[in-house]
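Engineer: Dropping in query25.pdb, which is PDB, C-alpha atoms:
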```pdb
MODEL        1
ATOM      1  CA  MET A   1     -48.160  64.983 194.616
ATOM      2  CA  LEU A   2     -49.501  66.037 198.025
ATOM      3  CA  ASP A   3     -48.146  62.834 199.566
ATOM      4  CA  GLU A   4     -44.717  63.565 198.060
ATOM      5  CA  TYR A   5     -44.750  67.070 199.547
ATOM      6  CA  GLN A   6     -45.696  65.677 202.953
ATOM      7  CA  ILE A   7     -42.904  63.096 202.811
ATOM      8  CA  GLN A   8     -40.374  65.733 201.792
ATOM      9  CA  LEU A   9     -41.544  68.040 204.588
ATOM     10  CA  THR A  10     -41.161  65.250 207.141
ATOM     11  CA  ARG A  11     -37.633  64.542 205.920
ATOM     12  CA  MET A  12     -36.708  68.204 206.224
ATOM     13  CA  LEU A  13     -37.944  68.403 209.793
ATOM     14  CA  GLU A  14     -36.191  65.170 210.767
ATOM     15  CA  ALA A  15     -32.922  66.509 209.314
ATOM     16  CA  GLU A  16     -33.417  69.889 211.034
ATOM     17  CA  GLN A  17     -33.581  71.627 207.640
ATOM     18  CA  PHE A  18     -35.835  74.329 209.027
ATOM     19  CA  GLU A  19     -35.123  76.915 206.332
ATOM     20  CA  GLU A  20     -36.102  74.471 203.599
ATOM     21  CA  ALA A  21     -39.197  73.396 205.555
ATOM     22  CA  LYS A  22     -40.369  77.003 205.829
ATOM     23  CA  ARG A  23     -39.836  77.555 202.122
ATOM     24  CA  LEU A  24     -41.900  74.475 201.275
ATOM     25  CA  LEU A  25     -44.675  75.492 203.689
ATOM     26  CA  HIS A  26     -44.847  78.985 202.144
ATOM     27  CA  PHE A  27     -45.106  77.333 198.715
ATOM     28  CA  LEU A  28     -47.864  74.935 199.839
ATOM     29  CA  LEU A  29     -49.898  77.756 201.367
ATOM     30  CA  GLN A  30     -49.872  79.527 198.004
ATOM     31  CA  CYS A  31     -51.228  76.469 196.191
ATOM     32  CA  GLN A  32     -54.946  76.215 195.487
ATOM     33  CA  GLY A  33     -57.425  73.355 195.506
ATOM     34  CA  GLN A  34     -56.501  71.505 198.713
ATOM     35  CA  ASP A  35     -58.723  70.695 201.698
ATOM     36  CA  ASP A  36     -58.963  73.380 204.353
ATOM     37  CA  VAL A  37     -57.587  70.973 206.943
ATOM     38  CA  HIS A  38     -54.273  70.843 205.049
ATOM     39  CA  TYR A  39     -53.941  74.630 204.991
ATOM     40  CA  SER A  40     -54.711  74.733 208.719
ATOM     41  CA  GLU A  41     -52.029  72.147 209.464
ATOM     42  CA  TRP A  42     -49.457  73.948 207.306
ATOM     43  CA  GLU A  43     -50.234  77.312 208.905
ATOM     44  CA  SER A  44     -49.937  75.823 212.401
ATOM     45  CA  LEU A  45     -46.621  74.163 211.571
ATOM     46  CA  LEU A  46     -45.245  77.334 209.994
ATOM     47  CA  GLU A  47     -46.356  79.354 213.011
ATOM     48  CA  TRP A  48     -44.575  76.912 215.318
ATOM     49  CA  LEU A  49     -41.382  77.052 213.237
ATOM     50  CA  ASN A  50     -41.475  80.854 213.297
ATOM     51  CA  MET A  51     -41.800  80.809 217.072
ATOM     52  CA  ALA A  52     -39.165  78.129 217.642
ATOM     53  CA  PHE A  53     -36.699  79.487 215.081
ATOM     54  CA  PRO A  54     -37.396  83.227 214.743
ATOM     55  CA  ALA A  55     -34.065  83.788 213.007
ATOM     56  CA  TYR A  56     -35.702  82.626 209.768
ATOM     57  CA  GLU A  57     -39.026  84.432 210.062
ATOM     58  CA  THR A  58     -38.304  87.588 208.074
ATOM     59  CA  GLU A  59     -38.716  88.024 204.353
ATOM     60  CA  ASP A  60     -34.990  88.696 204.073
ATOM     61  CA  ALA A  61     -34.313  85.319 205.631
ATOM     62  CA  LEU A  62     -36.603  83.628 203.128
ATOM     63  CA  GLN A  63     -34.709  85.310 200.304
ATOM     64  CA  MET A  64     -31.438  84.141 201.827
ATOM     65  CA  ALA A  65     -32.838  80.610 201.924
ATOM     66  CA  ASP A  66     -33.091  80.672 198.125
ATOM     67  CA  GLN A  67     -29.301  80.846 198.125
ATOM     68  CA  ALA A  68     -28.864  78.109 200.739
ATOM     69  CA  ASP A  69     -27.325  75.632 198.324
ATOM     70  CA  ASP A  70     -24.626  78.178 197.457
ATOM     71  CA  ASP A  71     -23.979  79.134 201.089
ATOM     72  CA  PRO A  72     -23.295  76.067 203.234
ATOM     73  CA  TYR A  73     -22.137  78.386 206.033
ATOM     74  CA  GLY A  74     -25.408  80.311 206.336
ATOM     75  CA  GLU A  75     -27.210  81.674 209.342
ATOM     76  CA  GLU A  76     -28.496  78.295 210.508
ATOM     77  CA  GLU A  77     -24.987  76.852 210.544
ATOM     78  CA  ARG A  78     -23.580  79.827 212.431
ATOM     79  CA  LEU A  79     -26.269  79.418 215.097
ATOM     80  CA  ARG A  80     -25.462  75.744 215.458
ATOM     81  CA  ALA A  81     -21.749  76.529 215.740
ATOM     82  CA  GLU A  82     -22.358  79.012 218.549
ATOM     83  CA  LEU A  83     -24.550  76.507 220.383
ATOM     84  CA  LEU A  84     -21.984  73.746 220.167
ATOM     85  CA  LYS A  85     -19.094  75.991 221.158
ATOM     86  CA  SER A  86     -20.870  76.655 224.450
ATOM     87  CA  GLU A  87     -20.644  72.990 225.452
ATOM     88  CA  GLN A  88     -17.796  71.282 227.288
ATOM     89  CA  LEU A  89     -16.295  69.259 224.443
ATOM     90  CA  ASP A  90     -13.830  66.931 226.185
ATOM     91  CA  GLU A  91     -12.436  63.595 225.009
ATOM     92  CA  ALA A  92     -15.252  61.609 226.630
ATOM     93  CA  TYR A  93     -17.824  63.678 224.769
ATOM     94  CA  MET A  94     -15.886  63.205 221.528
ATOM     95  CA  ASN A  95     -15.855  59.422 222.013
ATOM     96  CA  GLN A  96     -19.612  59.484 222.551
ATOM     97  CA  ILE A  97     -20.170  61.423 219.325
ATOM     98  CA  VAL A  98     -17.889  59.101 217.361
ATOM     99  CA  TYR A  99     -19.687  56.073 218.784
ATOM    100  CA  ILE A 100     -23.051  57.445 217.639
ATOM    101  CA  ILE A 101     -21.666  58.169 214.160
ATOM    102  CA  GLN A 102     -20.309  54.669 213.787
ATOM    103  CA  ASN A 103     -22.910  52.562 215.581
ATOM    104  CA  HIS A 104     -26.320  54.224 215.920
ATOM    105  CA  PRO A 105     -29.039  52.210 214.113
ATOM    106  CA  MET A 106     -30.757  55.347 212.769
ATOM    107  CA  LEU A 107     -29.116  57.164 209.873
ATOM    108  CA  GLU A 108     -30.681  60.484 210.900
ATOM    109  CA  GLN A 109     -29.008  60.310 214.319
ATOM    110  CA  GLN A 110     -25.669  59.493 212.727
ATOM    111  CA  LEU A 111     -25.975  62.553 210.502
ATOM    112  CA  LEU A 112     -26.855  64.775 213.452
ATOM    113  CA  ALA A 113     -23.783  63.485 215.292
ATOM    114  CA  LEU A 114     -21.650  64.316 212.249
ATOM    115  CA  GLU A 115     -23.020  67.855 212.390
ATOM    116  CA  ARG A 116     -21.788  68.151 215.966
ATOM    117  CA  ALA A 117     -18.425  66.651 215.031
ATOM    118  CA  VAL A 118     -17.797  69.507 212.579
ATOM    119  CA  TYR A 119     -17.300  71.961 215.435
ATOM    120  CA  MET A 120     -15.325  69.787 217.847
ATOM    121  CA  SER A 121     -11.811  71.148 218.256
ATOM    122  CA  LEU A 122     -10.219  67.849 219.289
ATOM    123  CA  PRO A 123      -8.043  66.677 216.338
ATOM    124  CA  LEU A 124      -8.235  62.957 217.218
ATOM    125  CA  ILE A 125     -11.681  62.752 215.670
ATOM    126  CA  ASP A 126     -10.232  63.195 212.161
ATOM    127  CA  ASP A 127      -8.089  60.060 212.376
ATOM    128  CA  GLN A 128     -10.940  58.074 213.898
ATOM    129  CA  LEU A 129     -13.372  59.011 211.136
ATOM    130  CA  ILE A 130     -10.842  58.384 208.367
ATOM    131  CA  GLN A 131      -9.867  54.986 209.773
ATOM    132  CA  TRP A 132     -13.563  54.105 209.987
ATOM    133  CA  LEU A 133     -14.185  55.151 206.383
ATOM    134  CA  GLU A 134     -11.264  53.100 205.124
ATOM    135  CA  SER A 135     -11.915  49.933 207.129
ATOM    136  CA  GLU A 136     -15.703  49.501 207.337
ATOM    137  CA  GLN A 137     -18.551  48.959 204.874
ATOM    138  CA  ILE A 138     -20.660  52.078 205.375
ATOM    139  CA  HIS A 139     -23.884  53.404 203.871
ATOM    140  CA  PRO A 140     -23.003  55.580 200.830
ATOM    141  CA  VAL A 141     -24.883  58.626 202.172
ATOM    142  CA  LEU A 142     -23.125  58.322 205.521
ATOM    143  CA  GLN A 143     -19.788  58.018 203.702
ATOM    144  CA  PHE A 144     -20.479  61.175 201.734
ATOM    145  CA  LYS A 145     -21.652  63.140 204.777
ATOM    146  CA  THR A 146     -18.538  62.043 206.674
ATOM    147  CA  LEU A 147     -16.344  63.313 203.828
ATOM    148  CA  GLN A 148     -18.209  66.626 203.999
ATOM    149  CA  CYS A 149     -17.702  66.729 207.764
ATOM    150  CA  LEU A 150     -13.961  66.155 207.354
ATOM    151  CA  LYS A 151     -13.719  68.859 204.708
ATOM    152  CA  ARG A 152     -15.531  71.354 206.918
ATOM    153  CA  ARG A 153     -13.106  70.449 209.698
ATOM    154  CA  GLY A 154     -10.248  71.470 207.405
ATOM    155  CA  VAL A 155      -8.827  67.990 206.724
ATOM    156  CA  ASP A 156      -6.468  68.006 203.724
ATOM    157  CA  ARG A 157      -5.645  64.412 202.806
ATOM    158  CA  SER A 158      -6.886  61.542 200.674
ATOM    159  CA  VAL A 159      -9.097  58.673 201.765
ATOM    160  CA  THR A 160      -9.355  55.239 200.122
ATOM    161  CA  LEU A 161     -12.726  53.567 200.573
ATOM    162  CA  GLU A 162     -15.347  51.422 198.872
ATOM    163  CA  ARG A 163     -18.132  53.337 197.142
ATOM    164  CA  MET A 164     -21.034  51.448 195.573
ATOM    165  CA  GLY A 165     -18.874  48.354 195.099
ATOM    166  CA  GLU A 166     -15.866  50.280 193.758
ATOM    167  CA  LYS A 167     -12.595  51.011 195.552
ATOM    168  CA  VAL A 168     -11.801  54.699 195.096
ATOM    169  CA  THR A 169      -9.328  57.237 196.448
ATOM    170  CA  LEU A 170     -10.800  60.684 197.110
ATOM    171  CA  ALA A 171      -9.256  63.950 198.229
ATOM    172  CA  VAL A 172     -11.286  65.187 201.195
ATOM    173  CA  ALA A 173     -10.792  68.816 200.151
ATOM    174  CA  ASP A 174     -12.502  68.124 196.798
ATOM    175  CA  THR A 175     -15.776  66.970 198.415
ATOM    176  CA  PRO A 176     -18.649  69.260 197.285
ATOM    177  CA  LEU A 177     -20.564  70.953 200.074
ATOM    178  CA  SER A 178     -23.357  72.238 197.799
ATOM    179  CA  LEU A 179     -24.674  71.780 194.268
ATOM    180  CA  SER A 180     -22.679  74.802 193.109
ATOM    181  CA  GLU A 181     -19.411  73.039 193.989
ATOM    182  CA  TYR A 182     -19.956  70.114 191.612
ATOM    183  CA  PRO A 183     -18.333  70.186 188.146
ATOM    184  CA  GLU A 184     -20.284  72.147 185.558
ATOM    185  CA  PRO A 185     -21.362  69.033 183.580
ATOM    186  CA  ILE A 186     -23.050  67.719 186.734
ATOM    187  CA  SER A 187     -25.013  70.952 187.031
ATOM    188  CA  ALA A 188     -25.792  70.880 183.319
ATOM    189  CA  ILE A 189     -27.546  67.521 183.697
ATOM    190  CA  LEU A 190     -29.943  68.905 186.310
ATOM    191  CA  LYS A 191     -30.525  72.128 184.367
ATOM    192  CA  LYS A 192     -31.372  70.170 181.227
ATOM    193  CA  THR A 193     -33.878  67.994 183.084
ATOM    194  CA  GLU A 194     -35.454  70.985 184.824
ATOM    195  CA  SER A 195     -35.869  72.856 181.536
ATOM    196  CA  VAL A 196     -37.835  69.949 180.089
ATOM    197  CA  ILE A 197     -40.006  68.883 183.018
ATOM    198  CA  GLU A 198     -41.097  72.363 184.113
ATOM    199  CA  GLN A 199     -43.131  72.654 180.914
ATOM    200  CA  ASP A 200     -45.427  69.857 182.125
ATOM    201  CA  ASP A 201     -45.418  70.500 185.877
ATOM    202  CA  PRO A 202     -43.813  73.571 187.494
ATOM    203  CA  THR A 203     -43.423  71.708 190.798
ATOM    204  CA  LEU A 204     -41.307  68.896 189.360
ATOM    205  CA  PRO A 205     -37.984  70.818 189.189
ATOM    206  CA  TYR A 206     -37.963  70.980 192.989
ATOM    207  CA  PHE A 207     -38.239  67.198 193.239
ATOM    208  CA  ALA A 208     -35.713  66.760 190.429
ATOM    209  CA  MET A 209     -33.179  68.805 192.398
ATOM    210  CA  GLU A 210     -33.790  66.802 195.592
ATOM    211  CA  LEU A 211     -33.530  63.484 193.750
ATOM    212  CA  TRP A 212     -30.372  64.635 191.972
ATOM    213  CA  LYS A 213     -28.730  65.672 195.261
ATOM    214  CA  ASP A 214     -29.593  62.272 196.709
ATOM    215  CA  CYS A 215     -28.158  60.474 193.675
ATOM    216  CA  LEU A 216     -24.929  62.453 193.860
ATOM    217  CA  GLN A 217     -24.478  61.475 197.511
ATOM    218  CA  PHE A 218     -24.556  57.828 196.436
ATOM    219  CA  LEU A 219     -22.496  58.143 193.254
ATOM    220  CA  TYR A 220     -19.836  60.729 194.135
ATOM    221  CA  GLY A 221     -16.370  59.385 193.343
ATOM    222  CA  THR A 222     -17.564  56.348 191.360
ATOM    223  CA  ALA A 223     -17.015  55.506 187.705
ATOM    224  CA  THR A 224     -20.588  56.602 187.001
ATOM    225  CA  TYR A 225     -19.841  59.975 188.587
ATOM    226  CA  ALA A 226     -16.815  60.326 186.299
ATOM    227  CA  ARG A 227     -19.041  59.676 183.287
ATOM    228  CA  MET A 228     -21.568  62.241 184.515
ATOM    229  CA  ALA A 229     -18.778  64.796 184.949
ATOM    230  CA  ASP A 230     -17.645  64.209 181.366
ATOM    231  CA  GLU A 231     -18.090  67.348 179.306
ATOM    232  CA  LYS A 232     -19.437  65.427 176.319
ATOM    233  CA  VAL A 233     -22.932  66.503 175.283
ATOM    234  CA  LEU A 234     -23.893  62.829 174.930
ATOM    235  CA  SER A 235     -23.367  62.174 178.653
ATOM    236  CA  THR A 236     -25.407  65.241 179.587
ATOM    237  CA  GLN A 237     -28.336  64.243 177.374
ATOM    238  CA  CYS A 238     -28.356  60.612 178.510
ATOM    239  CA  PHE A 239     -28.151  61.308 182.226
ATOM    240  CA  ALA A 240     -30.677  64.152 181.987
ATOM    241  CA  ALA A 241     -33.128  61.799 180.272
ATOM    242  CA  ALA A 242     -32.391  59.093 182.856
ATOM    243  CA  LEU A 243     -33.016  61.559 185.675
ATOM    244  CA  HIS A 244     -36.345  62.513 184.045
ATOM    245  CA  LEU A 245     -37.367  58.854 183.775
ATOM    246  CA  THR A 246     -36.319  58.055 187.361
ATOM    247  CA  LEU A 247     -38.152  61.122 188.659
ATOM    248  CA  CYS A 248     -41.404  60.117 186.942
ATOM    249  CA  LEU A 249     -41.141  56.575 188.305
ATOM    250  CA  THR A 250     -40.476  57.947 191.780
ATOM    251  CA  VAL A 251     -43.228  60.580 191.819
ATOM    252  CA  TYR A 252     -45.915  59.053 189.604
ATOM    253  CA  GLY A 253     -45.015  55.353 189.671
ATOM    254  CA  ARG A 254     -44.917  55.285 185.860
ATOM    255  CA  ALA A 255     -43.013  56.822 182.933
ATOM    256  CA  ASN A 256     -43.279  56.923 179.143
ATOM    257  CA  ASP A 257     -39.828  55.790 178.021
ATOM    258  CA  ASP A 258     -40.415  56.465 174.317
ATOM    259  CA  GLU A 259     -41.638  60.000 174.974
ATOM    260  CA  ILE A 260     -38.704  60.791 177.242
ATOM    261  CA  ARG A 261     -36.187  59.508 174.702
ATOM    262  CA  ASP A 262     -37.770  61.747 172.072
ATOM    263  CA  LEU A 263     -37.636  64.786 174.354
ATOM    264  CA  TYR A 264     -33.902  64.342 174.875
ATOM    265  CA  GLU A 265     -33.129  63.182 171.331
ATOM    266  CA  ILE A 266     -31.867  59.784 172.434
ATOM    267  CA  ASN A 267     -31.247  57.843 169.203
ATOM    268  CA  ASP A 268     -29.760  54.446 168.392
ATOM    269  CA  SER A 269     -26.195  55.646 168.868
ATOM    270  CA  SER A 270     -26.904  57.009 172.352
ATOM    271  CA  ARG A 271     -29.387  54.320 173.439
ATOM    272  CA  PHE A 272     -26.767  52.222 175.268
ATOM    273  CA  CYS A 273     -25.460  55.232 177.207
ATOM    274  CA  TYR A 274     -29.012  56.179 178.150
ATOM    275  CA  GLU A 275     -29.918  52.674 179.319
ATOM    276  CA  GLN A 276     -26.755  52.513 181.444
ATOM    277  CA  ALA A 277     -27.648  55.829 183.048
ATOM    278  CA  CYS A 278     -31.227  54.653 183.695
ATOM    279  CA  ARG A 279     -30.004  51.448 185.296
ATOM    280  CA  VAL A 280     -27.696  53.272 187.712
ATOM    281  CA  LEU A 281     -30.197  55.981 188.717
ATOM    282  CA  ARG A 282     -32.991  53.454 189.214
ATOM    283  CA  GLN A 283     -30.639  51.443 191.424
ATOM    284  CA  VAL A 284     -30.018  54.538 193.538
ATOM    285  CA  ALA A 285     -33.760  55.310 193.664
ATOM    286  CA  VAL A 286     -34.457  51.786 194.954
ATOM    287  CA  LEU A 287     -31.761  52.208 197.619
ATOM    288  CA  LEU A 288     -33.280  55.539 198.615
ATOM    289  CA  GLN A 289     -36.752  54.075 198.958
ATOM    290  CA  GLY A 290     -35.453  51.190 201.039
ATOM    291  CA  ASN A 291     -33.137  53.410 203.050
ATOM    292  CA  GLY A 292     -35.124  53.659 206.266
ATOM    293  CA  ASP A 293     -32.924  53.527 209.342
ATOM    294  CA  GLU A 294     -30.625  50.782 208.154
ATOM    295  CA  HIS A 295     -26.844  51.138 207.960
ATOM    296  CA  GLN A 296     -26.437  49.295 204.695
ATOM    297  CA  PRO A 297     -28.313  49.776 201.399
TER     298      PRO A 297
ENDMDL
END
```
Would you mind writing the file out in structure tokens?

Structural biologist:
Amino acid sequence: MLDEYQIQLTRMLEAEQFEEAKRLLHFLLQCQGQDDVHYSEWESLLEWLNMAFPAYETEDALQMADQADDDPYGEEERLRAELLKSEQLDEAYMNQIVYIIQNHPMLEQQLLALERAVYMSLPLIDDQLIQWLESEQIHPVLQFKTLQCLKRRGVDRSVTLERMGEKVTLAVADTPLSLSEYPEPISAILKKTESVIEQDDPTLPYFAMELWKDCLQFLYGTATYARMADEKVLSTQCFAAALHLTLCLTVYGRANDDEIRDLYEINDSSRFCYEQACRVLRQVAVLLQGNGDEHQP
């Protein structure tokens, strides 16, 4: 579990998710039973983050971070907006940002460029990003983040693109910016999984939420997503059980399929639905693990 925390912390820092990194560091420092060297490293990193980003140092800021998923326009985003507004954003600069988004070999750099593109006032960037989405084969996460970027820029039109091997048409304005903006059945799947796994390990719900957010970035707009958004109780149970199984395989490297099916009351009539859900989520988990810096999964 310590290795998983360290990996997650590294990802947060690489993605400039400083609020989330501070929250995780505060959590780790409260845990018991680790080597002193780990606590020293976490304290030093937290101290550096507090010095480099003092806007998030107060207790009030930590409480606000608990609501970060429901507030995509929080303090961190406002600070970034002010920083970017101070730059000379001409057409040459826009072309440079678009080039990075479309061609940089590292996914993290492409995502950072998308963050800058949100605040660029030049309207030409919208058409360039939409044309790119509709004409190129793009990593599913990068597709999803580009849709979010376009929504935050105020784009109100539909885009036709290929998602996980399916051709879909999506309204940019419908793209969720946080977990709270997904349909209720999508949230119900995560809540069901969290309610079961927290009885065995109180730290697992955090990883379940992160894994679920990653899965949604891959599956948004696909036929699988439509099934997950179905209000039928059967879909909720099957996908919640599949998320539980995928989480155990990801974190522990093993899972007890029979036990998980019992926990979620998966019987013969729902077995096929459950196995379909497991197959899709495991596929996404494999793509996530092999993600690296490549453009294509």

Engineer: Identify all residues satisfying the PyMOL selection byres ((chain A and resi 270) around 12) in the given file; provide them as a list of chain:residue names.

Structural biologist: A:Lys232, A:Val233, A:Leu234, A:Ser235, A:Thr236, A:Gln237, A:Cys238, A:Phe239, A:Ala241, A:Arg261, A:Asp262, A:Tyr264, A:Glu265, A:Ile266, A:Asn267, A:Asp268, A:Ser269, A:Arg271, A:Phe272, A:Cys273, A:Tyr274, A:Glu275, A:Gln276, A:Ala277

Engineer: Just give me the gap between CA of Met209 (chain A) and CA of Glu194 (chain A) in Å, one decimal is fine.

Structural biologist: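 Taking CA of Met209 (chain A) and CA of Glu194 (chain A), their separation equals 8.2 Å.
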
Engineer: Which one of A:Val284, A:Met228, A:Ile101, A:Ala208 sits closest to Pro183 (chain A) if you count all atoms listed in the file?

Structural biologist: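 The closest residue to Pro183 (chain A) is A:Met228.
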
Engineer: Could you expand the PyMOL selection byres ((chain A and resi 113-125) around 6) into the explicit residues it covers here, written as a list in words?

Structural biologist: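 Listing what the PyMOL selection byres ((chain A and resi 113-125) around 6) selects in the shown file: Ile97, Ile101, Gln110, Leu111, Leu112, Asp126, Asp127, Gln128, Cys149 and Arg153 of chain A.
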
Engineer: Deliver the residues from the most recent selection as a file, using C-alpha atoms, as a short mmCIF file (atom, residue, chain, number, x, y, z; two decimals), keeping the file's coordinate frame.

Structural biologist:
```
data_model
loop_
_atom_site.label_atom_id
_atom_site.label_comp_id
_atom_site.auth_asym_id
_atom_site.auth_seq_id
_atom_site.Cartn_x
_atom_site.Cartn_y
_atom_site.Cartn_z
CA ILE A 97 -20.17 61.42 219.32
CA ILE A 101 -21.67 58.17 214.16
CA GLN A 110 -25.67 59.49 212.73
CA LEU A 111 -25.98 62.55 210.50
CA LEU A 112 -26.86 64.78 213.45
CA ASP A 126 -10.23 63.20 212.16
CA ASP A 127 -8.09 60.06 212.38
CA GLN A 128 -10.94 58.07 213.90
CA CYS A 149 -17.70 66.73 207.76
CA ARG A 153 -13.11 70.45 209.70
#
```

Engineer: Kindly give the distance, in Å, that separates CA of Tyr93 (chain A) and CA of Pro176 (chain A), rounded to a single decimal.

Structural biologist: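 Here the two named atoms are 28.1 Å from each other.
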
Engineer: From the set A:Glu210, A:Glu47, A:Glu136, A:Glu181, which residue has the shortest atom-to-atom contact distance to Met12 (chain A), counting only C-alpha atoms?

Structural biologist: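 Between A:Glu210, A:Glu47, A:Glu136, A:Glu181, the residue approaching Met12 (chain A) most closely is A:Glu210.
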
Engineer: Measure the distance from CA of Val98 (chain A) to CA of Arg163 (chain A) in Å and round it to one decimal.

Structural biologist: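 Going from CA of Val98 (chain A) over to CA of Arg163 (chain A), I get 21.0 Å.
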
Engineer: Go through the shown structure with the PyMOL selection byres ((chain A and resi 45) around 12) and write out the matching residues as a PyMOL selection string.

Structural biologist: chain A and resi 9-10+13+18+21-22+24-26+28-29+38-44+46-53

Engineer: Which residues, written as a compact mmCIF listing (two decimals) with C-alpha atoms, keeping the file's coordinate frame, have at least one atom at most 12 Å from Thr250 (chain A), with all atoms listed in the file counted and residues fewer than 6 positions away on the same chain left out?

Structural biologist:
```txt
# COMPACT_ATOMS: atom_id res chain seq x y z
CA MET A 1 -48.16 64.98 194.62
CA ASP A 3 -48.15 62.83 199.57
CA GLU A 4 -44.72 63.56 198.06
CA LEU A 204 -41.31 68.90 189.36
CA PHE A 207 -38.24 67.20 193.24
CA ALA A 208 -35.71 66.76 190.43
CA GLU A 210 -33.79 66.80 195.59
CA LEU A 211 -33.53 63.48 193.75
CA LEU A 243 -33.02 61.56 185.68
CA HIS A 244 -36.34 62.51 184.04
CA LEU A 281 -30.20 55.98 188.72
CA ARG A 282 -32.99 53.45 189.21
CA GLN A 283 -30.64 51.44 191.42
CA VAL A 284 -30.02 54.54 193.54
CA ALA A 285 -33.76 55.31 193.66
CA VAL A 286 -34.46 51.79 194.95
CA LEU A 287 -31.76 52.21 197.62
CA LEU A 288 -33.28 55.54 198.62
CA GLN A 289 -36.75 54.08 198.96
```

Engineer: Do you know which residues lie at most 10 Å from (-4.0, 68.7, 203.0), with coordinates as in the file and only C-alpha atoms counted, and could you write them as a list in words?

Structural biologist: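 Final list of nearby residues, as requested, is Lys151, Gly154, Val155, Asp156, Arg157, Ser158, Ala171, Val172 and Ala173 of chain A.
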
Engineer: Take the residues just selected and output them with C-alpha atoms as an mmCIF file, in the coordinates of the input.

Structural biologist:
```
data_model
loop_
_atom_site.group_PDB
_atom_site.id
_atom_site.type_symbol
_atom_site.label_atom_id
_atom_site.label_comp_id
_atom_site.auth_asym_id
_atom_site.auth_seq_id
_atom_site.Cartn_x
_atom_site.Cartn_y
_atom_site.Cartn_z
ATOM 1 C CA LYS A 151 -13.719 68.859 204.708
ATOM 2 C CA GLY A 154 -10.248 71.470 207.405
ATOM 3 C CA VAL A 155 -8.827 67.990 206.724
ATOM 4 C CA ASP A 156 -6.468 68.006 203.724
ATOM 5 C CA ARG A 157 -5.645 64.412 202.806
ATOM 6 C CA SER A 158 -6.886 61.542 200.674
ATOM 7 C CA ALA A 171 -9.256 63.950 198.229
ATOM 8 C CA VAL A 172 -11.286 65.187 201.195
ATOM 9 C CA ALA A 173 -10.792 68.816 200.151
#
```

Engineer: Tell me which of A:Val37, A:Leu142, A:Ile7, A:Ala229 sits closest to Gln217 (chain A), counting all atoms listed in the file.

Structural biologist: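 The answer is A:Leu142, which sits nearest to Gln217 (chain A).
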
Engineer: Quick one: of A:Leu245, A:Leu129, A:Leu216, A:Ala240, who's nearest to Leu147 (chain A), counting only C-alpha atoms?

Structural biologist: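 Smallest distance to Leu147 (chain A) is found for A:Leu129.
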
Engineer: Assuming the input is short of atoms at region 18-30 of chain A, produce N, CA and C atoms for that part as a PDB file, in the frame of the given file.

Structural biologist:
```pdb
ATOM      1  N   PHE A  18     -34.700  73.481 208.727  1.00  0.00           N
ATOM      2  CA  PHE A  18     -35.835  74.329 209.027  1.00  0.00           C
ATOM      3  C   PHE A  18     -36.046  75.417 207.979  1.00  0.00           C
ATOM      4  N   GLU A  19     -34.975  75.917 207.400  1.00  0.00           N
ATOM      5  CA  GLU A  19     -35.123  76.915 206.332  1.00  0.00           C
ATOM      6  C   GLU A  19     -35.891  76.328 205.161  1.00  0.00           C
ATOM      7  N   GLU A  20     -35.454  75.114 204.734  1.00  0.00           N
ATOM      8  CA  GLU A  20     -36.102  74.471 203.599  1.00  0.00           C
ATOM      9  C   GLU A  20     -37.555  74.132 203.915  1.00  0.00           C
ATOM     10  N   ALA A  21     -37.826  73.720 205.160  1.00  0.00           N
ATOM     11  CA  ALA A  21     -39.197  73.396 205.555  1.00  0.00           C
ATOM     12  C   ALA A  21     -40.095  74.626 205.474  1.00  0.00           C
ATOM     13  N   LYS A  22     -39.571  75.773 205.909  1.00  0.00           N
ATOM     14  CA  LYS A  22     -40.369  77.003 205.829  1.00  0.00           C
ATOM     15  C   LYS A  22     -40.649  77.389 204.384  1.00  0.00           C
ATOM     16  N   ARG A  23     -39.645  77.227 203.544  1.00  0.00           N
ATOM     17  CA  ARG A  23     -39.836  77.555 202.122  1.00  0.00           C
ATOM     18  C   ARG A  23     -40.919  76.684 201.515  1.00  0.00           C
ATOM     19  N   LEU A  24     -40.899  75.381 201.821  1.00  0.00           N
ATOM     20  CA  LEU A  24     -41.900  74.475 201.275  1.00  0.00           C
ATOM     21  C   LEU A  24     -43.287  74.802 201.819  1.00  0.00           C
ATOM     22  N   LEU A  25     -43.386  75.133 203.103  1.00  0.00           N
ATOM     23  CA  LEU A  25     -44.675  75.492 203.689  1.00  0.00           C
ATOM     24  C   LEU A  25     -45.244  76.756 203.052  1.00  0.00           C
ATOM     25  N   HIS A  26     -44.391  77.768 202.826  1.00  0.00           N
ATOM     26  CA  HIS A  26     -44.847  78.985 202.144  1.00  0.00           C
ATOM     27  C   HIS A  26     -45.363  78.648 200.747  1.00  0.00           C
ATOM     28  N   PHE A  27     -44.680  77.738 200.058  1.00  0.00           N
ATOM     29  CA  PHE A  27     -45.106  77.333 198.715  1.00  0.00           C
ATOM     30  C   PHE A  27     -46.461  76.622 198.771  1.00  0.00           C
ATOM     31  N   LEU A  28     -46.616  75.697 199.731  1.00  0.00           N
ATOM     32  CA  LEU A  28     -47.864  74.935 199.839  1.00  0.00           C
ATOM     33  C   LEU A  28     -49.047  75.837 200.161  1.00  0.00           C
ATOM     34  N   LEU A  29     -48.810  76.851 200.996  1.00  0.00           N
ATOM     35  CA  LEU A  29     -49.898  77.756 201.367  1.00  0.00           C
ATOM     36  C   LEU A  29     -50.352  78.623 200.196  1.00  0.00           C
ATOM     37  N   GLN A  30     -49.503  78.751 199.185  1.00  0.00           N
ATOM     38  CA  GLN A  30     -49.872  79.527 198.004  1.00  0.00           C
ATOM     39  C   GLN A  30     -50.617  78.683 196.972  1.00  0.00           C
TER      40      GLN A  30
END
```
